[in-house]
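A short write-up of the structure that comes next.
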Amino acid sequence: MVVTRVNILDNESVRNQFIRGVKLLKDDILHPEWPNTYDLLVIWHYIAMNTFTPASQMVRNAAHIGPVFLPWHRWMLILLERHLQRVLNDDNFGLPYWDWSKDGELSPSEQKTALLWSDAFLGGTGSPVTTGPFTEGSWKVNVAEDIDGNLIRTNRSLTRNFGAIIANLPTKAEVRTAVDRGQPNVVYDTAPWDINSISFRNELEGWVNIPPTRLHNAVHVWVGGDMLTGTSPNDPVFYLNHCNVDRIWSSWTKKYNNPEYLPGNNESSDLQGHRLNDLMASITEDDQFDPLFRGKVSPKDLLDPSTRYVYDTLEL
Amino acid sequence: MNNDHNHDQNHMDNGSHGHDPPIKKHNITEINKMLNIDGKYIMDRGSHTHHDNLVSIRKDEYKGHKISITTTYDIEVDGKQIFPPLHVNNNGSVSAHIVPNYASSSVIELMRILIDSFPEDFKGGN
Ligand SMILES: [Cu+2]
């Protein structure tokens with residue numbers, strides 16, 4: 001079934017389903033010795049982020065700062081969507097996205113009180129967060145990262161710190177610059193395939209012309225708190241951000257008529273995990289966690305997601 | 001322990017190059033057990049040491065000349081040495097993979113962000 005992913009501000013029932021669904025996943029245990037399914041997604045993200053590709057350096061990892069950034073997160077979103085459909089008992093459910101560049105057009109103080117942060121949506125800022133559906137008692141952060149990069153058990157509330165490090169979300173103009181990156185030679189990614197690349201992937205991830213941090217990265221940093229570390233999926237807004245990032249990738253793909261994914265498998269094995277036909281970093285082959293791919297999926301398998309979902313609009 | 005779920009692993013083994021370093025396999029049951037018993041799951045970082053974290057090497061080539069620039073940091077917070085994994089990017093900005101979405105032209109600013117981001121590591125203060 002092809003589902004439609006919509007703007008969270010436009011659809012009250014999808015918004016409520018998303019909030020109810022992520023809470024249901026916090027109580028969802030696929031196997032007795034496993035953490036709940038929501039936390040498992042957090043752990044998967046952490047593990048991928050701390051798997052360096054190649055292992056001899058500590059910058060490019062199995063899900064970020066390299067070409068696989070976009071397809072890896074697309075996979076994660078597809079699995080989240082599948083699990084939400086299951087616990088909500090609704091095969092029509094499509095993930096909502098947050099078009100943060102629209103909020104980026106507001107003044108810094110208006111950005112902090114935008115509709116998304118109201119009680120009926122995701123609640124507001126704070127350490128801990130004290131408004132909305134993810135406050136103490138209704139949402140627990142069970143795993144986090146420490147400064148040595150280890151995964152630690154915690155038992156605390158969610159934290160956010162809007163606008164503390166950077167005052168502004170990305171703007172529409174910045175998104176357009178990213179999508180126009182490389183014209184007339186549109187290129188998905190290029191050597192050195194990392195934080196220094198001048199490419200669409202690196203622009204959208206947010207590393208081109210830093211500092212200040214930009215686009216996808218800037219959304220993490222603007223929200224702050226739990227959104228700053230390798231366990232950032234602890235905040236459900238992580239998925240709304242990435243769904244919009246995925247939408248921008250889809251928009252770019254359509255605009256330039258399916259540009260080639262790079263690198264191909266003729267490139268160096270230093271890029272293992274990032275090349276077109278490489279398997280991406282999984283956490284398990286278990287078919288209950290991943291009924292779609294059983295942990296075995298390559299970027300090439302996800303370049304055209306139109307048999308699974310579409311966006312209500314690719315307008316940026 | 002249920003062996004059905006013991007084959008969890010990171011799949012990075014699709015390359016045709018036999019000399020690739022083996023990628024650490026992860027097992028969810030094991031991770032969950034360590035979190036519950038030790039409160040911590042320690043990632044295997046191969047041969048990286050704490051001190052490696054503070055050394056960053058940039059390499060470049062210009063007009064056929066090979067450039068290598070090594071930057072070493074020595075950082076203390078409240079008199080105690082700490083070892084955040086710092087990396088100097090080609091444009092001179094500094095990032096740390098533990099705050100994976102951030103880069104700054106100032107290591108002081110980066111340290112402030114680390115203190116904010118890792119409350120479990122920086123207790124006390126105000
Ligand atoms: Cu991520």
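Each chain in the structure tokens gets a letter, A, B, ..., in the order shown, and its residues are numbered from 1; ligands are numbered from 1 in order too.
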
For Ser95 in chain B, find every residue with an atom within 7 Å (counting only C-alpha atoms), except residues of its own chain fewer than 6 positions away, and show them as a ChimeraX atom specification.
/B:86-88,102-104

Residues as selected, C-alpha atoms, written as a PDB file, in the first residue's frame, can you do that?
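In the end it all went to selection_20.pdb:
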ATOM      1  CA  LEU B  86      37.842  16.483  18.339  1.00  0.00           C
ATOM      2  CA  HIS B  87      38.282  16.790  14.603  1.00  0.00           C
ATOM      3  CA  VAL B  88      39.578  19.795  12.687  1.00  0.00           C
ATOM      4  CA  TYR B 102      27.712  20.618  15.084  1.00  0.00           C
ATOM      5  CA  ALA B 103      30.903  22.348  14.040  1.00  0.00           C
ATOM      6  CA  SER B 104      32.344  25.553  15.436  1.00  0.00           C
TER       7      SER B 104
END

Residues of chain A within 7 Å of chain B, counting only C-alpha atoms - could you list those as a VMD selection string?
chain A and resid 33 to 35 59 146 to 153 196 210 to 213 217 220 to 221 225 228 to 230 269 272 to 273 278 to 285

Take the residues from that selection and write them out as a tab-separated table (two decimals), in the first residue's frame, keeping N, CA, C and O atoms.
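Saved file out-v3.tsv follows:
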chain	number	residue	atom	x	y	z
A	33	GLU	N	13.93	-10.37	25.67
A	33	GLU	CA	15.23	-9.85	26.12
A	33	GLU	C	15.60	-8.55	25.43
A	33	GLU	O	16.74	-8.10	25.52
A	34	TRP	N	14.68	-7.98	24.72
A	34	TRP	CA	14.99	-6.75	23.96
A	34	TRP	C	14.43	-5.52	24.66
A	34	TRP	O	13.45	-5.60	25.39
A	35	PRO	N	15.05	-4.36	24.40
A	35	PRO	CA	14.41	-3.12	24.84
A	35	PRO	C	13.15	-2.87	24.02
A	35	PRO	O	12.90	-3.56	23.03
A	59	VAL	N	35.31	10.27	11.66
A	59	VAL	CA	34.44	11.31	11.12
A	59	VAL	C	33.28	10.66	10.35
A	59	VAL	O	32.13	10.67	10.80
A	146	ASP	N	27.25	9.04	26.51
A	146	ASP	CA	28.09	9.85	27.40
A	146	ASP	C	29.24	10.47	26.60
A	146	ASP	O	29.38	10.22	25.41
A	147	ILE	N	30.06	11.28	27.27
A	147	ILE	CA	31.06	12.05	26.54
A	147	ILE	C	32.15	11.16	25.93
A	147	ILE	O	32.84	11.54	24.99
A	148	ASP	N	32.29	9.95	26.46
A	148	ASP	CA	33.24	9.00	25.86
A	148	ASP	C	32.63	8.26	24.69
A	148	ASP	O	33.26	7.38	24.10
A	149	GLY	N	31.37	8.58	24.37
A	149	GLY	CA	30.73	7.94	23.24
A	149	GLY	C	30.12	6.59	23.57
A	149	GLY	O	29.75	5.84	22.68
A	150	ASN	N	30.00	6.27	24.87
A	150	ASN	CA	29.34	5.01	25.24
A	150	ASN	C	27.84	5.20	25.36
A	150	ASN	O	27.37	6.31	25.60
A	151	LEU	N	27.12	4.11	25.23
A	151	LEU	CA	25.68	4.13	25.42
A	151	LEU	C	25.41	3.87	26.89
A	151	LEU	O	25.94	2.91	27.46
A	152	ILE	N	24.62	4.73	27.52
A	152	ILE	CA	24.36	4.55	28.96
A	152	ILE	C	22.87	4.45	29.25
A	152	ILE	O	22.04	5.01	28.53
A	153	ARG	N	22.55	3.72	30.31
A	153	ARG	CA	21.17	3.61	30.80
A	153	ARG	C	20.83	4.87	31.58
A	153	ARG	O	21.61	5.30	32.43
A	196	ASN	N	33.76	17.44	4.06
A	196	ASN	CA	34.34	18.47	3.19
A	196	ASN	C	33.80	18.46	1.76
A	196	ASN	O	34.22	19.27	0.93
A	210	ILE	N	30.16	25.80	6.68
A	210	ILE	CA	30.07	25.91	8.14
A	210	ILE	C	31.31	26.62	8.64
A	210	ILE	O	32.32	26.61	7.96
A	211	PRO	N	31.31	27.11	9.91
A	211	PRO	CA	30.11	27.40	10.68
A	211	PRO	C	29.41	28.66	10.18
A	211	PRO	O	30.04	29.40	9.46
A	212	PRO	N	28.19	28.94	10.59
A	212	PRO	CA	27.40	28.15	11.54
A	212	PRO	C	26.85	26.89	10.88
A	212	PRO	O	26.85	26.77	9.66
A	213	THR	N	26.44	25.98	11.74
A	213	THR	CA	25.87	24.73	11.29
A	213	THR	C	24.57	24.99	10.52
A	213	THR	O	23.90	25.98	10.76
A	217	ASN	N	21.43	19.66	10.07
A	217	ASN	CA	22.18	19.78	11.32
A	217	ASN	C	21.65	20.93	12.18
A	217	ASN	O	21.56	20.82	13.41
A	220	HIS	N	18.68	20.01	14.37
A	220	HIS	CA	19.10	19.33	15.60
A	220	HIS	C	19.62	20.34	16.63
A	220	HIS	O	19.26	20.29	17.80
A	221	VAL	N	20.49	21.22	16.17
A	221	VAL	CA	21.16	22.14	17.09
A	221	VAL	C	20.19	23.19	17.62
A	221	VAL	O	20.23	23.55	18.81
A	225	GLY	N	19.28	20.16	23.53
A	225	GLY	CA	19.01	19.11	24.52
A	225	GLY	C	19.29	17.74	23.95
A	225	GLY	O	20.36	17.48	23.41
A	228	LEU	N	20.93	16.82	20.47
A	228	LEU	CA	22.33	17.14	20.14
A	228	LEU	C	23.25	15.93	20.02
A	228	LEU	O	24.35	16.05	19.49
A	229	THR	N	22.86	14.79	20.53
A	229	THR	CA	23.81	13.68	20.61
A	229	THR	C	23.43	12.53	19.68
A	229	THR	O	22.43	12.61	18.95
A	230	GLY	N	24.21	11.46	19.74
A	230	GLY	CA	23.96	10.29	18.89
A	230	GLY	C	22.67	9.56	19.22
A	230	GLY	O	22.22	8.72	18.44
A	269	SER	N	37.26	0.70	-1.08
A	269	SER	CA	36.61	-0.03	0.00
A	269	SER	C	36.58	0.80	1.29
A	269	SER	O	35.91	0.44	2.25
A	272	GLN	N	33.10	1.52	2.19
A	272	GLN	CA	32.20	0.41	2.44
A	272	GLN	C	31.05	0.83	3.35
A	272	GLN	O	31.25	1.49	4.37
A	273	GLY	N	29.85	0.44	2.98
A	273	GLY	CA	28.66	0.86	3.71
A	273	GLY	C	27.99	2.08	3.08
A	273	GLY	O	26.87	2.42	3.43
A	278	ASP	N	26.29	-1.55	-1.48
A	278	ASP	CA	26.72	-2.03	-0.16
A	278	ASP	C	25.51	-2.20	0.74
A	278	ASP	O	24.57	-1.40	0.68
A	279	LEU	N	25.58	-3.20	1.62
A	279	LEU	CA	24.55	-3.29	2.66
A	279	LEU	C	24.77	-2.16	3.66
A	279	LEU	O	25.90	-1.84	4.01
A	280	MET	N	23.68	-1.56	4.10
A	280	MET	CA	23.79	-0.48	5.08
A	280	MET	C	23.80	-1.08	6.49
A	280	MET	O	23.44	-2.24	6.69
A	281	ALA	N	24.23	-0.26	7.47
A	281	ALA	CA	24.39	-0.74	8.84
A	281	ALA	C	23.04	-1.08	9.47
A	281	ALA	O	22.21	-0.21	9.67
A	282	SER	N	22.88	-2.36	9.78
A	282	SER	CA	21.65	-2.81	10.41
A	282	SER	C	21.92	-3.06	11.89
A	282	SER	O	23.06	-3.01	12.34
A	283	ILE	N	20.85	-3.36	12.63
A	283	ILE	CA	21.06	-3.76	14.02
A	283	ILE	C	20.63	-5.20	14.23
A	283	ILE	O	21.05	-5.86	15.16
A	284	THR	N	19.80	-5.71	13.34
A	284	THR	CA	19.34	-7.09	13.47
A	284	THR	C	18.75	-7.55	12.13
A	284	THR	O	18.31	-6.72	11.33
A	285	GLU	N	18.73	-8.87	11.94
A	285	GLU	CA	18.05	-9.43	10.77
A	285	GLU	C	16.65	-9.91	11.14
A	285	GLU	O	15.96	-10.52	10.32

Quick check for you: according to DSSP on this backbone, which residues of range 32-71 of chain B are classed as helix (DSSP H, G or I)? Reply as a PyMOL selection string.
chain B and resi 32-37+51-54

Give me every strand (DSSP E) residue in range 36-73 of chain B, going by DSSP on the backbone, as a ChimeraX atom specification.
/B:40-41,55-62,65-72

How would you write, as an MDAnalysis selection string, the set of residues no farther than 7 Å from ligand 1 when counting only C-alpha atoms and all ligand atoms?
chainID A and resid 45 63:64 73

Would you mind listing what lies within 6 Å of Asn61 in chain A as number ranges by chain, with only C-alpha atoms counted and same-chain residues fewer than 3 positions away left out?
A: 49, 51-53, 64

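Counting from CA of Arg74 in chain A, the distance to CA of Cys243 in chain A is 8.1 Å.
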
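Taking CA of Asn257 in chain A and CA of Glu205 in chain A as endpoints, the distance between them is 20.9 Å.
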